[in-house]
file start.cif (mmCIF, C-alpha atoms)
data_query
loop_
_atom_site.group_PDB
_atom_site.id
_atom_site.type_symbol
_atom_site.label_atom_id
_atom_site.label_comp_id
_atom_site.auth_asym_id
_atom_site.auth_seq_id
_atom_site.Cartn_x
_atom_site.Cartn_y
_atom_site.Cartn_z
ATOM 1 C CA MET Y 97 81.327 84.540 91.637
ATOM 2 C CA SER Y 98 84.087 84.563 94.257
ATOM 3 C CA ILE Y 99 87.659 85.419 93.326
ATOM 4 C CA THR Y 100 90.276 82.683 93.714
ATOM 5 C CA LEU Y 101 94.060 82.841 93.516
ATOM 6 C CA ASP Y 102 93.746 81.933 89.848
ATOM 7 C CA ALA Y 103 93.144 85.681 89.417
ATOM 8 C CA LEU Y 104 96.811 86.247 90.354
ATOM 9 C CA ALA Y 105 98.372 83.052 89.013
ATOM 10 C CA ARG Y 106 99.838 81.800 85.778
ATOM 11 C CA GLU Y 107 98.288 78.834 83.987
ATOM 12 C CA SER Y 108 100.771 76.673 85.897
ATOM 13 C CA GLY Y 109 99.179 77.769 89.179
ATOM 14 C CA THR Y 110 102.339 79.637 90.198
ATOM 15 C CA PHE Y 111 102.838 83.377 90.659
ATOM 16 C CA LEU Y 112 104.917 85.867 88.680
ATOM 17 C CA MET Y 113 103.835 89.205 90.156
ATOM 18 C CA VAL Y 114 105.424 92.644 89.932
ATOM 19 C CA ALA Y 115 105.452 95.014 92.921
ATOM 20 C CA MET Y 116 105.178 98.724 92.169
ATOM 21 C CA ASP Y 117 103.695 99.984 95.455
ATOM 22 C CA GLN Y 118 106.890 101.565 96.769
ATOM 23 C CA ARG Y 119 106.390 105.151 97.925
ATOM 24 C CA GLU Y 120 109.110 107.087 99.742
ATOM 25 C CA SER Y 121 111.550 104.223 99.159
ATOM 26 C CA LEU Y 122 111.051 104.661 95.397
ATOM 27 C CA ARG Y 123 111.588 108.408 95.742
ATOM 28 C CA THR Y 124 114.873 107.687 97.543
ATOM 29 C CA MET Y 125 115.975 105.258 94.822
ATOM 30 C CA LEU Y 126 115.101 107.694 92.036
ATOM 31 C CA ALA Y 127 116.911 110.527 93.841
ATOM 32 C CA GLN Y 128 120.165 108.623 93.408
ATOM 33 C CA HIS Y 129 119.852 109.250 89.673
ATOM 34 C CA HIS Y 130 117.716 112.383 89.213
ATOM 35 C CA ASP Y 131 117.716 115.899 90.669
ATOM 36 C CA ASP Y 132 113.951 116.327 90.406
ATOM 37 C CA VAL Y 133 112.020 113.502 92.047
ATOM 38 C CA ASP Y 134 108.562 115.001 92.265
ATOM 39 C CA ASP Y 135 105.326 113.025 92.388
ATOM 40 C CA ALA Y 136 104.954 113.282 88.612
ATOM 41 C CA ARG Y 137 108.248 111.450 88.024
ATOM 42 C CA MET Y 138 107.203 108.690 90.396
ATOM 43 C CA VAL Y 139 103.886 108.275 88.615
ATOM 44 C CA ARG Y 140 105.575 108.212 85.204
ATOM 45 C CA PHE Y 141 107.940 105.491 86.348
ATOM 46 C CA LYS Y 142 105.178 103.371 87.865
ATOM 47 C CA LEU Y 143 102.995 103.637 84.773
ATOM 48 C CA ALA Y 144 105.908 102.757 82.486
ATOM 49 C CA VAL Y 145 106.556 99.620 84.565
ATOM 50 C CA ALA Y 146 102.863 98.725 84.414
ATOM 51 C CA ARG Y 147 102.664 99.286 80.681
ATOM 52 C CA GLU Y 148 105.806 97.329 79.786
ATOM 53 C CA LEU Y 149 105.794 94.527 82.392
ATOM 54 C CA GLY Y 150 102.069 94.093 83.007
ATOM 55 C CA PRO Y 151 101.565 91.891 79.921
ATOM 56 C CA TYR Y 152 104.194 89.425 81.224
ATOM 57 C CA ALA Y 153 103.137 89.389 84.883
ATOM 58 C CA SER Y 154 100.393 87.326 86.478
ATOM 59 C CA GLY Y 155 99.733 90.089 89.008
ATOM 60 C CA PHE Y 156 100.611 93.747 89.517
ATOM 61 C CA LEU Y 157 100.765 95.577 92.862
ATOM 62 C CA ILE Y 158 100.389 99.349 93.171
ATOM 63 C CA ASP Y 159 99.529 101.894 95.869
ATOM 64 C CA ARG Y 160 96.645 104.354 95.692
ATOM 65 C CA HIS Y 161 98.862 107.463 95.908
ATOM 66 C CA TYR Y 162 101.011 107.271 92.788
ATOM 67 C CA GLY Y 163 99.560 106.006 89.534
ATOM 68 C CA TYR Y 164 96.631 103.834 90.618
ATOM 69 C CA GLY Y 165 93.984 106.166 89.197
ATOM 70 C CA GLU Y 166 95.785 106.519 85.888
ATOM 71 C CA LEU Y 167 96.489 102.787 85.657
ATOM 72 C CA VAL Y 168 92.810 101.957 86.151
ATOM 73 C CA GLY Y 169 91.487 104.839 84.081
ATOM 74 C CA ASP Y 170 93.707 104.087 81.096
ATOM 75 C CA GLY Y 171 93.264 100.313 81.328
ATOM 76 C CA LEU Y 172 97.021 99.719 81.256
ATOM 77 C CA LEU Y 173 96.913 96.121 82.496
ATOM 78 C CA PRO Y 174 95.688 93.288 80.273
ATOM 79 C CA PRO Y 175 92.719 91.237 81.548
ATOM 80 C CA GLY Y 176 94.950 88.321 82.558
ATOM 81 C CA THR Y 177 97.029 90.389 84.993
ATOM 82 C CA GLY Y 178 95.462 90.557 88.445
ATOM 83 C CA LEU Y 179 95.501 94.010 90.033
ATOM 84 C CA ILE Y 180 96.540 94.228 93.703
ATOM 85 C CA LEU Y 181 96.048 97.419 95.707
ATOM 86 C CA ALA Y 182 98.232 98.214 98.719
ATOM 87 C CA ALA Y 183 96.084 98.807 101.803
ATOM 88 C CA ASP Y 184 98.894 99.826 104.146
ATOM 89 C CA ALA Y 185 99.663 103.227 105.649
ATOM 90 C CA LEU Y 186 103.425 103.464 106.089
ATOM 91 C CA ASP Y 187 105.372 105.217 108.836
ATOM 92 C CA GLN Y 188 108.552 105.903 106.888
ATOM 93 C CA PRO Y 189 110.913 108.864 107.371
ATOM 94 C CA PRO Y 190 112.402 110.384 104.192
ATOM 95 C CA GLY Y 191 115.338 108.266 103.101
ATOM 96 C CA GLY Y 192 114.661 105.691 105.803
ATOM 97 C CA ILE Y 193 113.022 102.310 106.108
ATOM 98 C CA VAL Y 194 109.403 101.616 107.008
ATOM 99 C CA GLU Y 195 109.251 101.751 110.807
ATOM 100 C CA GLU Y 196 105.608 100.798 111.344
ATOM 101 C CA THR Y 197 102.411 100.238 109.376
ATOM 102 C CA ASP Y 198 98.654 100.291 109.813
ATOM 103 C CA LEU Y 199 95.569 99.821 107.697
ATOM 104 C CA ASP Y 200 95.106 102.722 105.285
ATOM 105 C CA ASP Y 201 91.740 104.305 106.049
ATOM 106 C CA GLY Y 202 91.836 105.963 102.643
ATOM 107 C CA VAL Y 203 91.471 102.677 100.779
ATOM 108 C CA ASP Y 204 87.906 102.122 99.548
ATOM 109 C CA ALA Y 205 87.806 98.358 99.118
ATOM 110 C CA ALA Y 206 84.344 98.306 97.540
ATOM 111 C CA ALA Y 207 85.332 100.903 94.951
ATOM 112 C CA ALA Y 208 88.576 99.049 94.333
ATOM 113 C CA ARG Y 209 86.700 95.894 93.397
ATOM 114 C CA GLN Y 210 84.541 97.917 90.998
ATOM 115 C CA ASN Y 211 87.778 99.228 89.464
ATOM 116 C CA GLY Y 212 88.952 95.678 88.763
ATOM 117 C CA VAL Y 213 91.152 95.141 91.814
ATOM 118 C CA VAL Y 214 91.222 91.449 92.796
ATOM 119 C CA ALA Y 215 93.345 91.623 95.972
ATOM 120 C CA LEU Y 216 94.482 93.895 98.763
ATOM 121 C CA LYS Y 217 97.974 93.758 100.290
ATOM 122 C CA LEU Y 218 99.182 94.720 103.752
ATOM 123 C CA LEU Y 219 102.772 95.185 104.894
ATOM 124 C CA ILE Y 220 103.306 94.279 108.555
ATOM 125 C CA VAL Y 221 106.530 95.037 110.431
ATOM 126 C CA TRP Y 222 107.025 92.045 112.735
ATOM 127 C CA ARG Y 223 108.943 92.665 115.942
ATOM 128 C CA ASP Y 224 109.088 90.707 119.167
ATOM 129 C CA ASP Y 225 108.057 93.688 121.308
ATOM 130 C CA ALA Y 226 105.108 95.116 123.237
ATOM 131 C CA ARG Y 227 103.112 95.811 120.049
ATOM 132 C CA ARG Y 228 103.341 92.270 118.703
ATOM 133 C CA ALA Y 229 99.732 91.324 119.532
ATOM 134 C CA GLN Y 230 98.483 94.629 118.161
ATOM 135 C CA ARG Y 231 100.084 93.905 114.811
ATOM 136 C CA VAL Y 232 98.446 90.488 114.683
ATOM 137 C CA ASP Y 233 95.124 92.211 115.299
ATOM 138 C CA THR Y 234 95.849 94.652 112.464
ATOM 139 C CA ALA Y 235 96.542 91.724 110.151
ATOM 140 C CA ARG Y 236 93.267 90.064 111.161
ATOM 141 C CA ARG Y 237 91.326 93.278 110.482
ATOM 142 C CA PHE Y 238 92.984 93.489 107.083
ATOM 143 C CA VAL Y 239 91.995 89.942 106.162
ATOM 144 C CA GLU Y 240 88.413 90.653 107.195
ATOM 145 C CA LEU Y 241 88.364 93.902 105.192
ATOM 146 C CA ALA Y 242 89.400 92.037 102.064
ATOM 147 C CA ARG Y 243 87.058 89.101 102.658
ATOM 148 C CA SER Y 244 84.026 91.273 103.396
ATOM 149 C CA ASN Y 245 84.527 93.029 100.059
ATOM 150 C CA GLY Y 246 85.028 89.852 98.048
ATOM 151 C CA LEU Y 247 88.757 90.450 97.575
ATOM 152 C CA LEU Y 248 91.821 88.298 98.147
ATOM 153 C CA SER Y 249 94.245 89.181 100.943
ATOM 154 C CA VAL Y 250 98.022 89.260 100.485
ATOM 155 C CA LEU Y 251 99.925 89.613 103.774
ATOM 156 C CA GLU Y 252 103.565 90.751 103.728
ATOM 157 C CA PRO Y 253 105.413 90.558 107.065
ATOM 158 C CA VAL Y 254 108.976 91.881 107.241
ATOM 159 C CA VAL Y 255 110.995 91.187 110.374
ATOM 160 C CA ARG Y 256 112.926 93.725 112.423
ATOM 161 C CA GLY Y 257 114.965 93.316 115.564
ATOM 162 C CA PRO Y 258 117.929 94.581 117.549
ATOM 163 C CA GLU Y 259 121.431 94.318 116.164
ATOM 164 C CA GLY Y 260 122.475 90.705 115.876
ATOM 165 C CA PHE Y 261 118.971 89.233 116.097
ATOM 166 C CA ASP Y 262 118.325 85.896 114.388
ATOM 167 C CA ARG Y 263 116.626 87.114 111.226
ATOM 168 C CA GLU Y 264 115.991 83.720 109.647
ATOM 169 C CA ALA Y 265 114.491 82.233 112.805
ATOM 170 C CA SER Y 266 112.341 85.364 113.128
ATOM 171 C CA ILE Y 267 111.075 84.946 109.557
ATOM 172 C CA VAL Y 268 109.935 81.432 110.437
ATOM 173 C CA GLU Y 269 108.399 82.610 113.714
ATOM 174 C CA ALA Y 270 106.522 85.416 111.957
ATOM 175 C CA ALA Y 271 105.286 82.943 109.364
ATOM 176 C CA GLY Y 272 103.898 80.724 112.091
ATOM 177 C CA GLU Y 273 102.193 83.628 113.848
ATOM 178 C CA LEU Y 274 100.786 85.519 110.864
ATOM 179 C CA GLY Y 275 100.497 82.922 108.104
ATOM 180 C CA GLY Y 276 97.582 81.186 109.758
ATOM 181 C CA ILE Y 277 95.272 84.131 110.384
ATOM 182 C CA GLY Y 278 93.322 83.485 107.196
ATOM 183 C CA CYS Y 279 95.163 85.407 104.484
ATOM 184 C CA ASP Y 280 94.908 83.982 100.986
ATOM 185 C CA LEU Y 281 98.561 84.522 100.059
ATOM 186 C CA TYR Y 282 101.627 85.088 102.235
ATOM 187 C CA LYS Y 283 104.463 87.252 100.907
ATOM 188 C CA CYS Y 284 107.751 86.319 102.576
ATOM 189 C CA GLU Y 285 111.288 87.641 102.766
ATOM 190 C CA VAL Y 286 114.046 85.508 101.237
ATOM 191 C CA PRO Y 287 116.138 83.813 103.943
ATOM 192 C CA THR Y 288 119.777 85.009 104.065
ATOM 193 C CA HIS Y 289 118.735 87.887 101.748
ATOM 194 C CA GLY Y 290 119.473 85.385 98.986
ATOM 195 C CA ALA Y 291 123.188 85.484 99.848
ATOM 196 C CA GLY Y 292 123.396 81.945 101.249
ATOM 197 C CA GLU Y 293 123.976 78.761 99.329
ATOM 198 C CA PRO Y 294 120.867 77.485 97.512
ATOM 199 C CA ASP Y 295 120.539 74.461 99.784
ATOM 200 C CA GLU Y 296 120.594 76.721 102.850
ATOM 201 C CA ILE Y 297 117.863 78.952 101.413
ATOM 202 C CA THR Y 298 115.787 75.900 100.501
ATOM 203 C CA GLU Y 299 116.105 74.444 103.996
ATOM 204 C CA TRP Y 300 114.918 77.668 105.617
ATOM 205 C CA CYS Y 301 112.062 77.807 103.097
ATOM 206 C CA ARG Y 302 110.985 74.294 104.057
ATOM 207 C CA ARG Y 303 110.596 75.593 107.625
ATOM 208 C CA ILE Y 304 108.583 78.547 106.369
ATOM 209 C CA ASP Y 305 106.440 76.215 104.291
ATOM 210 C CA ALA Y 306 105.737 74.042 107.321
ATOM 211 C CA ALA Y 307 104.657 77.127 109.288
ATOM 212 C CA VAL Y 308 102.381 78.699 106.663
ATOM 213 C CA PRO Y 309 99.130 76.881 105.792
ATOM 214 C CA CYS Y 310 98.372 79.019 102.726
ATOM 215 C CA PRO Y 311 100.294 79.450 99.456
ATOM 216 C CA TRP Y 312 103.254 81.815 99.715
ATOM 217 C CA VAL Y 313 105.669 83.737 97.521
ATOM 218 C CA VAL Y 314 108.939 85.599 98.023
ATOM 219 C CA LEU Y 315 109.714 89.284 97.707
ATOM 220 C CA SER Y 316 113.030 90.730 96.523
ATOM 221 C CA GLN Y 317 113.884 93.592 98.883
ATOM 222 C CA GLY Y 318 117.393 93.152 100.247
ATOM 223 C CA VAL Y 319 118.376 90.571 97.634
ATOM 224 C CA ASP Y 320 121.110 91.310 95.092
ATOM 225 C CA PRO Y 321 119.129 91.496 91.818
ATOM 226 C CA ALA Y 322 121.738 89.313 90.108
ATOM 227 C CA ARG Y 323 121.083 86.526 92.634
ATOM 228 C CA TYR Y 324 117.316 86.830 92.683
ATOM 229 C CA PRO Y 325 116.591 84.110 90.083
ATOM 230 C CA LEU Y 326 118.747 81.684 92.103
ATOM 231 C CA ALA Y 327 116.929 82.727 95.276
ATOM 232 C CA VAL Y 328 113.505 82.220 93.702
ATOM 233 C CA GLU Y 329 114.443 78.740 92.495
ATOM 234 C CA ALA Y 330 115.796 77.816 95.925
ATOM 235 C CA ALA Y 331 112.646 79.155 97.611
ATOM 236 C CA CYS Y 332 110.395 77.289 95.201
ATOM 237 C CA ARG Y 333 112.290 74.064 95.910
ATOM 238 C CA GLY Y 334 111.420 74.719 99.556
ATOM 239 C CA GLY Y 335 107.696 75.108 98.883
ATOM 240 C CA ALA Y 336 107.136 78.637 97.572
ATOM 241 C CA SER Y 337 104.666 79.148 94.753
ATOM 242 C CA GLY Y 338 106.506 81.981 93.025
ATOM 243 C CA MET Y 339 107.283 85.651 93.572
ATOM 244 C CA LEU Y 340 105.894 89.137 94.096
ATOM 245 C CA ALA Y 341 108.881 91.394 93.543
ATOM 246 C CA GLY Y 342 109.831 94.836 92.319
ATOM 247 C CA ARG Y 343 113.428 95.849 92.949
ATOM 248 C CA ALA Y 344 114.976 92.713 91.437
ATOM 249 C CA VAL Y 345 113.015 93.320 88.249
ATOM 250 C CA TRP Y 346 113.150 97.068 87.570
ATOM 251 C CA THR Y 347 115.988 98.605 89.666
ATOM 252 C CA ALA Y 348 118.337 98.644 86.653
ATOM 253 C CA THR Y 349 115.975 101.023 84.819
ATOM 254 C CA LEU Y 350 115.806 103.784 87.461
ATOM 255 C CA ALA Y 351 118.520 106.006 85.935
ATOM 256 C CA ALA Y 352 116.717 106.556 82.635
ATOM 257 C CA ASP Y 353 114.571 109.655 82.220
ATOM 258 C CA ASP Y 354 112.171 107.415 80.300
ATOM 259 C CA PRO Y 355 112.684 103.797 81.378
ATOM 260 C CA THR Y 356 110.646 102.272 78.541
ATOM 261 C CA GLU Y 357 113.530 100.954 76.456
ATOM 262 C CA LEU Y 358 115.448 99.643 79.468
ATOM 263 C CA LEU Y 359 112.341 97.908 80.733
ATOM 264 C CA ARG Y 360 112.011 96.185 77.374
ATOM 265 C CA ALA Y 361 115.705 95.325 77.102
ATOM 266 C CA HIS Y 362 116.385 94.313 80.725
ATOM 267 C CA SER Y 363 113.236 93.791 82.779
ATOM 268 C CA VAL Y 364 111.140 91.846 80.284
ATOM 269 C CA PRO Y 365 113.873 89.190 79.783
ATOM 270 C CA ARG Y 366 114.335 89.045 83.568
ATOM 271 C CA LEU Y 367 110.612 88.372 84.039
ATOM 272 C CA GLN Y 368 110.689 85.729 81.333
ATOM 273 C CA GLU Y 369 113.636 84.051 83.078
ATOM 274 C CA LEU Y 370 111.744 84.113 86.378
ATOM 275 C CA ALA Y 371 108.601 82.776 84.678
ATOM 276 C CA ALA Y 372 110.490 79.692 83.548
ATOM 277 C CA ILE Y 373 111.800 79.206 87.095
ATOM 278 C CA VAL Y 374 108.436 79.460 88.850
ATOM 279 C CA ASP Y 375 106.782 77.200 86.286
ATOM 280 C CA ALA Y 376 109.504 74.568 86.650
ATOM 281 C CA HIS Y 377 109.995 74.660 90.415
ATOM 282 C CA GLY Y 378 107.105 76.511 92.068
ATOM 283 C CA ARG Y 379 104.312 74.645 93.830
ATOM 284 C CA PRO Y 380 100.936 75.295 92.156
ATOM 285 C CA TRP Y 381 98.804 77.105 94.693
ATOM 286 C CA ARG Y 382 95.998 74.518 94.683
ATOM 287 C CA GLU Y 383 98.494 71.827 95.728
ATOM 288 C CA LYS Y 384 99.442 73.842 98.805
ATOM 289 C CA VAL Y 385 95.789 74.453 99.690
ATOM 290 C CA ALA Y 386 95.017 70.749 99.291
ATOM 291 C CA ALA Y 387 97.991 69.817 101.477
#
call {"tool": "encode", "arguments": {"input": "start.cif", "output": "C-alpha cells"}}
result
Amino acid sequence: MSITLDALARESGTFLMVAMDQRESLRTMLAQHHDDVDDARMVRFKLAVARELGPYASGFLIDRHYGYGELVGDGLLPPGTGLILAADALDQPPGGIVEETDLDDGVDAAAARQNGVVALKLLIVWRDDARRAQRVDTARRFVELARSNGLLSVLEPVVRGPEGFDREASIVEAAGELGGIGCDLYKCEVPTHGAGEPDEITEWCRRIDAAVPCPWVVLSQGVDPARYPLAVEAACRGGASGMLAGRAVWTATLAADDPTELLRAHSVPRLQELAAIVDAHGRPWREKVAA
C-alpha cells in the first residue's frame, strides 16, 4: 500500500513535525554552552528530543549520521509519528552556514523504508546563479529517488543572494521553480524571518501558496523562537498546512547537560501551543491537493 501524507499529518490533516537533522549547525549551537561537543553529545541531544517530543509530533526528521541508528533500533518514536530521513549531503564549514548541498550517496532508501522511514528530505540552496538549473536537476533526482522506493519527498529550499537581495521575492520565485517538480511536501522559509507584521507574512505566504501546487509547511531557522507561533499562524492563514521546525522548539534546552527536564517543561508546551495553531488555521493537506 502506498504511503500518503497522512503518515506525517495529524488527524486534522495538518503537520506538526520536529526537525532534528542539524549537523555542524547543531554542534555550533551546543558549543555556545558546552566545552565538549563530541559526536556522543550530539547523539544524546537528538535522542532526548526524539524521546520527549516524538509522542507529540506528527513527524520527526533526523539525519543518518547522528542518532538515526539508535532511534530506529530502540524504537523511540511511537507508531503515529512519521519518520523522515535527511537525504542531503551538506557543504558547511565549521561554524558557518550551509553553502551548497547534493544528494547523499550514503542514504539507502530501500533500507530506510524497511526501518520504518516514510519520507526523505532534501535541503536545496537556491541562488540565481550559474548552478541554478543544476540544483533543479538535483531536486528532480531526489524526488525520483523517493518515489522509486515508495517514500514521500520533502523538499526544503533556502534562498541565498548577494547583500541587499530581495529575500521575500526570491522565496516566492524558488517556490515557483521547485515546488512544481513533483515533491509531496514543500518546506518553506518564513517571509520576513517572522519579524514582519502578521498581515505582511500572510500576504507573502499567499504568493507562496499560489506558486506551490503541493501542500507546504514552514521551517523556523532565522525566526525568533518567541515569535514563531505568531509566524506559523500567519503562514497558515496564507495557505500553509503546518510546520517542520527544530530551533523554535528545542533551542532553549541546549544549555542543559541532560535536556530531558527542559524539554518536558518548555518544548512540550511549545509543541502543544503550535498544535492548536496548526489545527485551527492550517489547511488540511488533502484540501490543497484537491485545489
call {"tool": "resolve_selection", "arguments": {"input": "start.cif", "expression": "the PyMOL selection byres ((chain Y and resi 140-152) around 7)", "output": "VMD selection string"}}
result
chain Y and resid 116 136 to 139 153 to 154 156 163 167 172 to 174 177 355 to 356 359 to 360 364
call {"tool": "residues_around", "arguments": {"input": "start.cif", "residues": "Leu157 of chain Y", "least_positions_apart": "2", "cutoff": "8 Å", "atoms": "all atoms listed in the file", "output": "ChimeraX atom specification"}}
result
/Y:113-117,155,159,179-182
call {"tool": "residues_around", "arguments": {"input": "start.cif", "residues": "Leu186 of chain Y", "least_positions_apart": "6", "cutoff": "7 Å", "atoms": "only C-alpha atoms", "output": "PyMOL selection string"}}
result
chain Y and resi 194+196-198
call {"tool": "closest_residue", "arguments": {"input": "start.cif", "among": "Y:Ala215, Y:Leu199, Y:Ala361, Y:Val232", "to": "Ala183 of chain Y", "atoms": "only C-alpha atoms"}}
result
Y:Leu199
call {"tool": "resolve_selection", "arguments": {"input": "start.cif", "expression": "the PyMOL selection byres ((chain Y and resi 365-374) around 9)", "output": "PDB file with C-alpha atoms, keeping the file's coordinate frame"}}
result
ATOM      1  CA  ARG Y 106      99.838  81.800  85.778  1.00  0.00           C
ATOM      2  CA  SER Y 108     100.771  76.673  85.897  1.00  0.00           C
ATOM      3  CA  THR Y 110     102.339  79.637  90.198  1.00  0.00           C
ATOM      4  CA  PHE Y 111     102.838  83.377  90.659  1.00  0.00           C
ATOM      5  CA  LEU Y 112     104.917  85.867  88.680  1.00  0.00           C
ATOM      6  CA  VAL Y 114     105.424  92.644  89.932  1.00  0.00           C
ATOM      7  CA  LEU Y 149     105.794  94.527  82.392  1.00  0.00           C
ATOM      8  CA  TYR Y 152     104.194  89.425  81.224  1.00  0.00           C
ATOM      9  CA  ALA Y 153     103.137  89.389  84.883  1.00  0.00           C
ATOM     10  CA  TYR Y 324     117.316  86.830  92.683  1.00  0.00           C
ATOM     11  CA  PRO Y 325     116.591  84.110  90.083  1.00  0.00           C
ATOM     12  CA  LEU Y 326     118.747  81.684  92.103  1.00  0.00           C
ATOM     13  CA  VAL Y 328     113.505  82.220  93.702  1.00  0.00           C
ATOM     14  CA  GLU Y 329     114.443  78.740  92.495  1.00  0.00           C
ATOM     15  CA  CYS Y 332     110.395  77.289  95.201  1.00  0.00           C
ATOM     16  CA  ALA Y 336     107.136  78.637  97.572  1.00  0.00           C
ATOM     17  CA  SER Y 337     104.666  79.148  94.753  1.00  0.00           C
ATOM     18  CA  GLY Y 338     106.506  81.981  93.025  1.00  0.00           C
ATOM     19  CA  MET Y 339     107.283  85.651  93.572  1.00  0.00           C
ATOM     20  CA  ALA Y 344     114.976  92.713  91.437  1.00  0.00           C
ATOM     21  CA  VAL Y 345     113.015  93.320  88.249  1.00  0.00           C
ATOM     22  CA  LEU Y 359     112.341  97.908  80.733  1.00  0.00           C
ATOM     23  CA  ARG Y 360     112.011  96.185  77.374  1.00  0.00           C
ATOM     24  CA  ALA Y 361     115.705  95.325  77.102  1.00  0.00           C
ATOM     25  CA  HIS Y 362     116.385  94.313  80.725  1.00  0.00           C
ATOM     26  CA  SER Y 363     113.236  93.791  82.779  1.00  0.00           C
ATOM     27  CA  VAL Y 364     111.140  91.846  80.284  1.00  0.00           C
ATOM     28  CA  ASP Y 375     106.782  77.200  86.286  1.00  0.00           C
ATOM     29  CA  ALA Y 376     109.504  74.568  86.650  1.00  0.00           C
ATOM     30  CA  HIS Y 377     109.995  74.660  90.415  1.00  0.00           C
ATOM     31  CA  GLY Y 378     107.105  76.511  92.068  1.00  0.00           C
ATOM     32  CA  ARG Y 379     104.312  74.645  93.830  1.00  0.00           C
TER      33      ARG Y 379
END
call {"tool": "closest_residue", "arguments": {"input": "start.cif", "among": "Y:Ile304, Y:Ala265, Y:Ala291, Y:Leu216", "to": "Ala322 of chain Y", "atoms": "all atoms listed in the file"}}
result
Y:Ala291
call {"tool": "residues_near_point", "arguments": {"input": "start.cif", "point": "(111.3, 104.8, 96.1)", "cutoff": "10 Å", "atoms": "all atoms listed in the file", "output": "PyMOL selection string"}}
result
chain Y and resi 116-127+133+138+190-191+343+350
call {"tool": "decode", "arguments": {"input": "start.cif", "residues": "segment 243-255 of chain Y", "atoms": "C-alpha atoms", "output": "mmCIF file, in the first residue's frame"}}
result
data_model
loop_
_atom_site.group_PDB
_atom_site.id
_atom_site.type_symbol
_atom_site.label_atom_id
_atom_site.label_comp_id
_atom_site.auth_asym_id
_atom_site.auth_seq_id
_atom_site.Cartn_x
_atom_site.Cartn_y
_atom_site.Cartn_z
ATOM 1 C CA ARG Y 243 9.207 7.808 -5.420
ATOM 2 C CA SER Y 244 11.058 4.773 -6.769
ATOM 3 C CA ASN Y 245 11.437 3.478 -3.212
ATOM 4 C CA GLY Y 246 7.831 4.098 -2.214
ATOM 5 C CA LEU Y 247 8.704 7.045 0.031
ATOM 6 C CA LEU Y 248 7.382 10.585 0.293
ATOM 7 C CA SER Y 249 9.600 13.502 -0.727
ATOM 8 C CA VAL Y 250 10.013 16.648 1.375
ATOM 9 C CA LEU Y 251 11.867 19.439 -0.450
ATOM 10 C CA GLU Y 252 13.386 22.309 1.550
ATOM 11 C CA PRO Y 253 14.754 25.227 -0.498
ATOM 12 C CA VAL Y 254 16.516 28.058 1.335
ATOM 13 C CA VAL Y 255 17.371 31.197 -0.611
#
